[in-house]
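Engineer: Structure: input_11.pdb, PDB, C-alpha atoms.
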ATOM      1  CA  MET A   1     -22.529  64.171  83.222
ATOM      2  CA  HIS A   2     -22.508  65.826  86.655
ATOM      3  CA  ASP A   3     -18.685  66.052  86.589
ATOM      4  CA  LEU A   4     -18.640  67.554  83.101
ATOM      5  CA  LEU A   5     -21.105  70.389  83.758
ATOM      6  CA  PRO A   6     -18.991  72.217  86.387
ATOM      7  CA  MET A   7     -16.005  72.129  84.025
ATOM      8  CA  MET A   8     -18.147  73.510  81.181
ATOM      9  CA  ALA A   9     -19.469  76.215  83.514
ATOM     10  CA  LEU A  10     -15.937  77.409  84.213
ATOM     11  CA  VAL A  11     -15.191  77.820  80.516
ATOM     12  CA  ASN A  12     -18.635  78.761  79.155
ATOM     13  CA  GLN A  13     -20.472  80.716  81.843
ATOM     14  CA  ASP A  14     -22.871  82.184  79.278
ATOM     15  CA  MET A  15     -24.146  78.660  78.572
ATOM     16  CA  PHE A  16     -25.946  78.657  81.949
ATOM     17  CA  GLN A  17     -28.619  80.733  83.662
ATOM     18  CA  TRP A  18     -27.440  81.689  87.158
ATOM     19  CA  VAL A  19     -29.077  82.816  90.403
ATOM     20  CA  SER A  20     -27.493  83.843  93.709
ATOM     21  CA  ARG A  21     -28.867  82.116  96.781
ATOM     22  CA  PRO A  22     -27.607  81.475 100.326
ATOM     23  CA  VAL A  23     -26.374  77.916 100.860
ATOM     24  CA  HIS A  24     -25.887  75.952 104.074
ATOM     25  CA  VAL A  25     -23.953  72.665 104.294
ATOM     26  CA  VAL A  26     -25.113  70.351 107.081
ATOM     27  CA  THR A  27     -22.106  69.378 109.213
ATOM     28  CA  GLN A  28     -23.874  67.830 112.226
ATOM     29  CA  GLU A  29     -24.082  64.062 112.549
ATOM     30  CA  GLY A  30     -27.315  62.566 111.312
ATOM     31  CA  ILE A  31     -29.230  61.652 108.209
ATOM     32  CA  ALA A  32     -28.660  65.054 106.539
ATOM     33  CA  LYS A  33     -24.877  65.254 107.114
ATOM     34  CA  GLY A  34     -23.114  66.496 103.988
ATOM     35  CA  GLN A  35     -26.230  67.831 102.293
ATOM     36  CA  SER A  36     -26.158  71.283 100.706
ATOM     37  CA  ILE A  37     -29.319  73.280 101.263
ATOM     38  CA  ALA A  38     -30.043  76.394  99.187
ATOM     39  CA  ASP A  39     -32.683  78.934 100.167
ATOM     40  CA  PHE A  40     -34.877  79.717  97.145
ATOM     41  CA  ARG A  41     -37.431  81.879  98.921
ATOM     42  CA  PRO A  42     -37.950  85.274  97.201
ATOM     43  CA  ASN A  43     -36.313  87.337  99.994
ATOM     44  CA  ALA A  44     -33.272  85.046 100.324
ATOM     45  CA  THR A  45     -31.097  86.825  97.740
ATOM     46  CA  ALA A  46     -30.034  89.655 100.066
ATOM     47  CA  GLN A  47     -28.140  87.434 102.498
ATOM     48  CA  PRO A  48     -24.321  87.693 102.644
ATOM     49  CA  ASN A  49     -23.484  83.993 102.153
ATOM     50  CA  ALA A  50     -25.175  83.793  98.737
ATOM     51  CA  ILE A  51     -23.375  81.862  96.006
ATOM     52  CA  ARG A  52     -24.079  81.485  92.294
ATOM     53  CA  ILE A  53     -26.080  78.413  91.319
ATOM     54  CA  ALA A  54     -26.695  77.291  87.749
ATOM     55  CA  LEU A  55     -30.379  76.505  87.253
ATOM     56  CA  ASP A  56     -30.594  75.969  83.518
ATOM     57  CA  LEU A  57     -28.332  75.404  80.568
ATOM     58  CA  GLU A  58     -28.549  75.981  76.836
ATOM     59  CA  TYR A  59     -28.536  72.332  75.803
ATOM     60  CA  ARG A  60     -27.800  72.921  72.112
ATOM     61  CA  GLN A  61     -24.776  75.046  72.962
ATOM     62  CA  PHE A  62     -23.620  72.420  75.488
ATOM     63  CA  TYR A  63     -24.048  69.593  72.983
ATOM     64  CA  TRP A  64     -22.208  71.449  70.205
ATOM     65  CA  SER A  65     -19.342  72.407  72.505
ATOM     66  CA  PHE A  66     -19.044  68.881  73.910
ATOM     67  CA  MET A  67     -19.121  67.177  70.529
ATOM     68  CA  THR A  68     -16.678  69.675  69.012
ATOM     69  CA  ASN A  69     -14.200  69.154  71.826
ATOM     70  CA  MET A  70     -14.539  65.388  71.991
ATOM     71  CA  THR A  71     -14.315  64.784  68.230
ATOM     72  CA  ASP A  72     -11.993  67.682  67.412
ATOM     73  CA  GLU A  73     -14.262  68.648  64.501
ATOM     74  CA  LYS A  74     -15.514  72.169  63.831
ATOM     75  CA  GLY A  75     -18.975  72.089  62.334
TER      76      GLY A  75
END
When written as structure tokens, how does the structure in this file appear?

Structural biologist:
Amino acid sequence: MHDLLPMMALVNQDMFQWVSRPVHVVTQEGIAKGQSIADFRPNATAQPNAIRIALDLEYRQFYWSFMTNMTDEKG
């Protein structure tokens, strides 16, 4: 499911609710290496390295789109 959602987001951006937040990827050696950390504090939106993050999706629209594409049926 986690691989399918980014592909759906590219095609159906209106299916998701988006926010812009700064993100940092840990590159130093240690237990957190490779983790992505987003700043969700209220004043964090004004920073220059903010990216769009999908927080919610319209599940019915996702389900209908998925089933329509996978079964090739309209309806």

Engineer: Step by step, work through what the PyMOL selection byres ((chain A and resi 25) around 12) selects in the shown file, and finish by giving those residues as a ChimeraX atom specification.

Structural biologist: /A:22-24,26-29,32-39,49

Engineer: Run through the PyMOL selection byres ((chain A and resi 61-69) around 10) on the given coordinates and return the selected residues as a ChimeraX atom specification.

Structural biologist: /A:4-5,8-9,12,14-16,57-60,70-75

Engineer: Save the residues we just selected, C-alpha atoms, as an mmCIF file, keeping the file's coordinate frame?

Structural biologist:
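To be explicit, this is the file written out as again.cif:
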data_model
loop_
_atom_site.group_PDB
_atom_site.id
_atom_site.type_symbol
_atom_site.label_atom_id
_atom_site.label_comp_id
_atom_site.auth_asym_id
_atom_site.auth_seq_id
_atom_site.Cartn_x
_atom_site.Cartn_y
_atom_site.Cartn_z
ATOM 1 C CA LEU A 4 -18.640 67.554 83.101
ATOM 2 C CA LEU A 5 -21.105 70.389 83.758
ATOM 3 C CA MET A 8 -18.147 73.510 81.181
ATOM 4 C CA ALA A 9 -19.469 76.215 83.514
ATOM 5 C CA ASN A 12 -18.635 78.761 79.155
ATOM 6 C CA ASP A 14 -22.871 82.184 79.278
ATOM 7 C CA MET A 15 -24.146 78.660 78.572
ATOM 8 C CA PHE A 16 -25.946 78.657 81.949
ATOM 9 C CA LEU A 57 -28.332 75.404 80.568
ATOM 10 C CA GLU A 58 -28.549 75.981 76.836
ATOM 11 C CA TYR A 59 -28.536 72.332 75.803
ATOM 12 C CA ARG A 60 -27.800 72.921 72.112
ATOM 13 C CA MET A 70 -14.539 65.388 71.991
ATOM 14 C CA THR A 71 -14.315 64.784 68.230
ATOM 15 C CA ASP A 72 -11.993 67.682 67.412
ATOM 16 C CA GLU A 73 -14.262 68.648 64.501
ATOM 17 C CA LYS A 74 -15.514 72.169 63.831
ATOM 18 C CA GLY A 75 -18.975 72.089 62.334
#

Engineer: Mind giving me the straight-line distance from CA of Asp3 in chain A to CA of Ala50 in chain A in Å, one decimal?

Structural biologist: 22.5 Å

Engineer: As number ranges by chain, please: the residues near Ile53 in chain A (cut-off 9 Å, all atoms listed in the file, same-chain neighbours under 2 positions excluded).

Structural biologist: A: 17-21, 51, 55

Engineer: Return the padded bounding box of range 22-26 of chain A as lines of an AutoDock Vina configuration file: axis-aligned, built from all atoms listed in the file, 3 Å added on each side, with centre and edge lengths in Å to one decimal.

Structural biologist:
center_x = -25.8
center_y = 75.9
center_z = 103.7
size_x = 9.7
size_y = 17.1
size_z = 12.8
